[in-house]
$ cat final25.pdb   # PDB, C-alpha atoms, pLDDT in the B column
ATOM      1  CA  MET A1040      82.080  89.331  85.459  1.00 96.00           C
ATOM      2  CA  LYS A1041      83.711  90.416  88.710  1.00 98.00           C
ATOM      3  CA  TYR A1042      84.006  88.120  91.729  1.00 98.00           C
ATOM      4  CA  GLU A1043      83.981  89.218  95.356  1.00 98.00           C
ATOM      5  CA  CYS A1044      85.633  87.741  98.423  1.00 98.00           C
ATOM      6  CA  PRO A1045      83.762  87.762 101.754  1.00 98.00           C
ATOM      7  CA  CYS A1046      86.426  90.222 102.995  1.00 98.00           C
ATOM      8  CA  GLY A1047      85.327  92.760 100.377  1.00 98.00           C
ATOM      9  CA  TYR A1048      88.128  92.346  97.810  1.00 98.00           C
ATOM     10  CA  VAL A1049      86.757  92.322  94.254  1.00 98.00           C
ATOM     11  CA  TYR A1050      88.565  90.454  91.478  1.00 98.00           C
ATOM     12  CA  ASP A1051      88.170  92.420  88.248  1.00 98.00           C
ATOM     13  CA  PRO A1052      89.250  90.466  85.134  1.00 98.00           C
ATOM     14  CA  ALA A1053      90.210  93.707  83.388  1.00 98.00           C
ATOM     15  CA  LEU A1054      92.760  94.410  86.136  1.00 98.00           C
ATOM     16  CA  GLY A1055      93.765  90.861  87.083  1.00 98.00           C
ATOM     17  CA  ASP A1056      96.144  90.570  90.029  1.00 98.00           C
ATOM     18  CA  PRO A1057      99.577  91.146  88.465  1.00 98.00           C
ATOM     19  CA  ASP A1058     101.304  91.371  91.854  1.00 97.00           C
ATOM     20  CA  ASN A1059     100.313  87.731  92.406  1.00 97.00           C
ATOM     21  CA  GLY A1060     100.866  86.323  88.923  1.00 97.00           C
ATOM     22  CA  VAL A1061      97.448  86.909  87.314  1.00 98.00           C
ATOM     23  CA  ALA A1062      97.764  89.066  84.209  1.00 98.00           C
ATOM     24  CA  PRO A1063      95.213  91.770  83.357  1.00 98.00           C
ATOM     25  CA  GLY A1064      92.518  90.331  81.098  1.00 98.00           C
ATOM     26  CA  THR A1065      92.475  86.936  82.874  1.00 98.00           C
ATOM     27  CA  VAL A1066      88.898  85.685  83.159  1.00 98.00           C
ATOM     28  CA  TRP A1067      87.884  84.095  86.469  1.00 98.00           C
ATOM     29  CA  GLU A1068      87.814  80.588  85.018  1.00 98.00           C
ATOM     30  CA  ASP A1069      91.482  80.954  84.009  1.00 98.00           C
ATOM     31  CA  VAL A1070      92.703  82.217  87.405  1.00 98.00           C
ATOM     32  CA  PRO A1071      94.848  79.406  88.871  1.00 98.00           C
ATOM     33  CA  GLU A1072      93.068  77.179  91.388  1.00 97.00           C
ATOM     34  CA  ASP A1073      95.814  77.808  93.944  1.00 97.00           C
ATOM     35  CA  TRP A1074      95.422  81.608  93.733  1.00 98.00           C
ATOM     36  CA  VAL A1075      94.240  83.213  96.977  1.00 98.00           C
ATOM     37  CA  CYS A1076      92.720  86.564  97.895  1.00 98.00           C
ATOM     38  CA  PRO A1077      95.553  89.102  98.188  1.00 98.00           C
ATOM     39  CA  ILE A1078      93.819  90.699 101.191  1.00 98.00           C
ATOM     40  CA  CYS A1079      92.757  87.808 103.429  1.00 98.00           C
ATOM     41  CA  GLY A1080      94.180  84.654 101.844  1.00 98.00           C
ATOM     42  CA  LEU A1081      90.908  82.799 101.177  1.00 98.00           C
ATOM     43  CA  GLY A1082      90.838  80.535  98.131  1.00 98.00           C
ATOM     44  CA  LYS A1083      88.864  80.910  94.914  1.00 98.00           C
ATOM     45  CA  ASP A1084      86.071  78.736  96.303  1.00 97.00           C
ATOM     46  CA  ALA A1085      85.169  81.473  98.808  1.00 98.00           C
ATOM     47  CA  PHE A1086      84.475  84.036  96.079  1.00 98.00           C
ATOM     48  CA  TYR A1087      81.021  84.742  94.658  1.00 98.00           C
ATOM     49  CA  PRO A1088      79.810  86.749  91.645  1.00 98.00           C
ATOM     50  CA  ALA A1089      79.776  90.464  92.451  1.00 96.00           C
ATOM     51  CA  GLU A1090      76.491  92.321  92.033  1.00 83.00           C
TER      52      GLU A1090
END
$ encode --input "final25.pdb" --output "structure tokens"
Amino acid sequence: MKYECPCGYVYDPALGDPDNGVAPGTVWEDVPEDWVCPICGLGKDAFYPAE
């Protein structure tokens, strides 16, 4: 499942966020709690399941 930030950034587990230390294939539950949106800097708690 993909997760979306209010700013519009979508976290896709298949892609991860390798530029910020999250390897491709990392499911949302395994993304570190201190990870933040690479676009706006909001934390994981601001994200919601993407439609």
$ atom_distance --input "final25.pdb" --atom1 "CA of Tyr1042 (chain A)" --atom2 "CA of Asp1069 (chain A)"
12.9 Å
$ resolve_selection --input "final25.pdb" --expression "the PyMOL selection byres ((chain A and resi 1079) around 9)" --output "CSV table (one decimal) with C-alpha atoms, in the coordinates of the input"
chain,number,residue,atom,x,y,z
A,1044,CYS,CA,85.6,87.7,98.4
A,1046,CYS,CA,86.4,90.2,103.0
A,1048,TYR,CA,88.1,92.3,97.8
A,1075,VAL,CA,94.2,83.2,97.0
A,1076,CYS,CA,92.7,86.6,97.9
A,1077,PRO,CA,95.6,89.1,98.2
A,1078,ILE,CA,93.8,90.7,101.2
A,1080,GLY,CA,94.2,84.7,101.8
A,1081,LEU,CA,90.9,82.8,101.2
$ closest_residue --input "final25.pdb" --among "A:Met1040, A:Ala1089, A:Lys1083, A:Asp1051" --to "Pro1063 (chain A)" --atoms "only C-alpha atoms"
A:Asp1051
$ atom_distance --input "final25.pdb" --atom1 "CA of Thr1065 (chain A)" --atom2 "CA of Pro1045 (chain A)"
20.8 Å
$ resolve_selection --input "final25.pdb" --expression "the PyMOL selection byres ((chain A and resi 1070) around 10)" --output "list in words"
Pro1052, Gly1055, Asp1056, Gly1060, Val1061, Ala1062, Thr1065, Val1066, Trp1067, Glu1068, Asp1069, Pro1071, Glu1072, Asp1073, Trp1074, Val1075 and Lys1083 of chain A
$ decode --input "final25.pdb" --residues "region 1062-1079 of chain A" --atoms "N, CA, C and O atoms" --output "PDB file, in the first residue's frame"
ATOM      1  N   ALA A1062      15.433   1.789   1.788  1.00  0.00           N
ATOM      2  CA  ALA A1062      15.694   0.955   0.613  1.00  0.00           C
ATOM      3  C   ALA A1062      14.404   0.606  -0.135  1.00  0.00           C
ATOM      4  O   ALA A1062      13.337   0.483   0.476  1.00  0.00           O
ATOM      5  N   PRO A1063      14.493   0.441  -1.463  1.00  0.00           N
ATOM      6  CA  PRO A1063      13.339  -0.052  -2.213  1.00  0.00           C
ATOM      7  C   PRO A1063      12.854  -1.373  -1.612  1.00  0.00           C
ATOM      8  O   PRO A1063      13.658  -2.191  -1.167  1.00  0.00           O
ATOM      9  N   GLY A1064      11.549  -1.554  -1.570  1.00  0.00           N
ATOM     10  CA  GLY A1064      10.968  -2.764  -1.007  1.00  0.00           C
ATOM     11  C   GLY A1064      10.642  -2.642   0.471  1.00  0.00           C
ATOM     12  O   GLY A1064      10.163  -3.599   1.076  1.00  0.00           O
ATOM     13  N   THR A1065      10.890  -1.465   1.073  1.00  0.00           N
ATOM     14  CA  THR A1065      10.613  -1.261   2.499  1.00  0.00           C
ATOM     15  C   THR A1065       9.141  -0.933   2.703  1.00  0.00           C
ATOM     16  O   THR A1065       8.661   0.088   2.212  1.00  0.00           O
ATOM     17  N   VAL A1066       8.428  -1.828   3.400  1.00  0.00           N
ATOM     18  CA  VAL A1066       7.010  -1.573   3.668  1.00  0.00           C
ATOM     19  C   VAL A1066       6.881  -0.419   4.662  1.00  0.00           C
ATOM     20  O   VAL A1066       7.803  -0.118   5.426  1.00  0.00           O
ATOM     21  N   TRP A1067       5.738   0.246   4.634  1.00  0.00           N
ATOM     22  CA  TRP A1067       5.507   1.438   5.452  1.00  0.00           C
ATOM     23  C   TRP A1067       5.807   1.195   6.927  1.00  0.00           C
ATOM     24  O   TRP A1067       6.409   2.031   7.599  1.00  0.00           O
ATOM     25  N   GLU A1068       5.389   0.054   7.437  1.00  0.00           N
ATOM     26  CA  GLU A1068       5.582  -0.256   8.848  1.00  0.00           C
ATOM     27  C   GLU A1068       7.061  -0.318   9.231  1.00  0.00           C
ATOM     28  O   GLU A1068       7.411  -0.116  10.383  1.00  0.00           O
ATOM     29  N   ASP A1069       7.929  -0.599   8.259  1.00  0.00           N
ATOM     30  CA  ASP A1069       9.362  -0.710   8.515  1.00  0.00           C
ATOM     31  C   ASP A1069      10.139   0.578   8.224  1.00  0.00           C
ATOM     32  O   ASP A1069      11.354   0.631   8.445  1.00  0.00           O
ATOM     33  N   VAL A1070       9.449   1.611   7.726  1.00  0.00           N
ATOM     34  CA  VAL A1070      10.110   2.906   7.523  1.00  0.00           C
ATOM     35  C   VAL A1070      10.406   3.478   8.918  1.00  0.00           C
ATOM     36  O   VAL A1070       9.530   3.457   9.789  1.00  0.00           O
ATOM     37  N   PRO A1071      11.628   3.953   9.151  1.00  0.00           N
ATOM     38  CA  PRO A1071      11.974   4.454  10.486  1.00  0.00           C
ATOM     39  C   PRO A1071      11.023   5.557  10.963  1.00  0.00           C
ATOM     40  O   PRO A1071      10.558   6.374  10.169  1.00  0.00           O
ATOM     41  N   GLU A1072      10.742   5.545  12.262  1.00  0.00           N
ATOM     42  CA  GLU A1072       9.814   6.528  12.830  1.00  0.00           C
ATOM     43  C   GLU A1072      10.324   7.961  12.696  1.00  0.00           C
ATOM     44  O   GLU A1072       9.531   8.899  12.690  1.00  0.00           O
ATOM     45  N   ASP A1073      11.639   8.127  12.576  1.00  0.00           N
ATOM     46  CA  ASP A1073      12.179   9.485  12.454  1.00  0.00           C
ATOM     47  C   ASP A1073      12.328   9.940  11.003  1.00  0.00           C
ATOM     48  O   ASP A1073      12.817  11.033  10.732  1.00  0.00           O
ATOM     49  N   TRP A1074      11.884   9.101  10.054  1.00  0.00           N
ATOM     50  CA  TRP A1074      11.889   9.494   8.639  1.00  0.00           C
ATOM     51  C   TRP A1074      10.886  10.609   8.433  1.00  0.00           C
ATOM     52  O   TRP A1074       9.832  10.647   9.068  1.00  0.00           O
ATOM     53  N   VAL A1075      11.207  11.549   7.539  1.00  0.00           N
ATOM     54  CA  VAL A1075      10.286  12.646   7.228  1.00  0.00           C
ATOM     55  C   VAL A1075      10.088  12.740   5.719  1.00  0.00           C
ATOM     56  O   VAL A1075      10.915  12.263   4.936  1.00  0.00           O
ATOM     57  N   CYS A1076       9.010  13.366   5.323  1.00  0.00           N
ATOM     58  CA  CYS A1076       8.709  13.579   3.907  1.00  0.00           C
ATOM     59  C   CYS A1076       9.880  14.313   3.249  1.00  0.00           C
ATOM     60  O   CYS A1076      10.307  15.359   3.756  1.00  0.00           O
ATOM     61  N   PRO A1077      10.387  13.790   2.131  1.00  0.00           N
ATOM     62  CA  PRO A1077      11.516  14.449   1.475  1.00  0.00           C
ATOM     63  C   PRO A1077      11.138  15.771   0.806  1.00  0.00           C
ATOM     64  O   PRO A1077      12.007  16.553   0.437  1.00  0.00           O
ATOM     65  N   ILE A1078       9.846  16.044   0.673  1.00  0.00           N
ATOM     66  CA  ILE A1078       9.401  17.285   0.040  1.00  0.00           C
ATOM     67  C   ILE A1078       9.175  18.385   1.076  1.00  0.00           C
ATOM     68  O   ILE A1078       9.704  19.483   0.956  1.00  0.00           O
ATOM     69  N   CYS A1079       8.386  18.078   2.111  1.00  0.00           N
ATOM     70  CA  CYS A1079       7.981  19.138   3.048  1.00  0.00           C
ATOM     71  C   CYS A1079       8.480  18.951   4.479  1.00  0.00           C
ATOM     72  O   CYS A1079       8.366  19.858   5.284  1.00  0.00           O
TER      73      CYS A1079
END
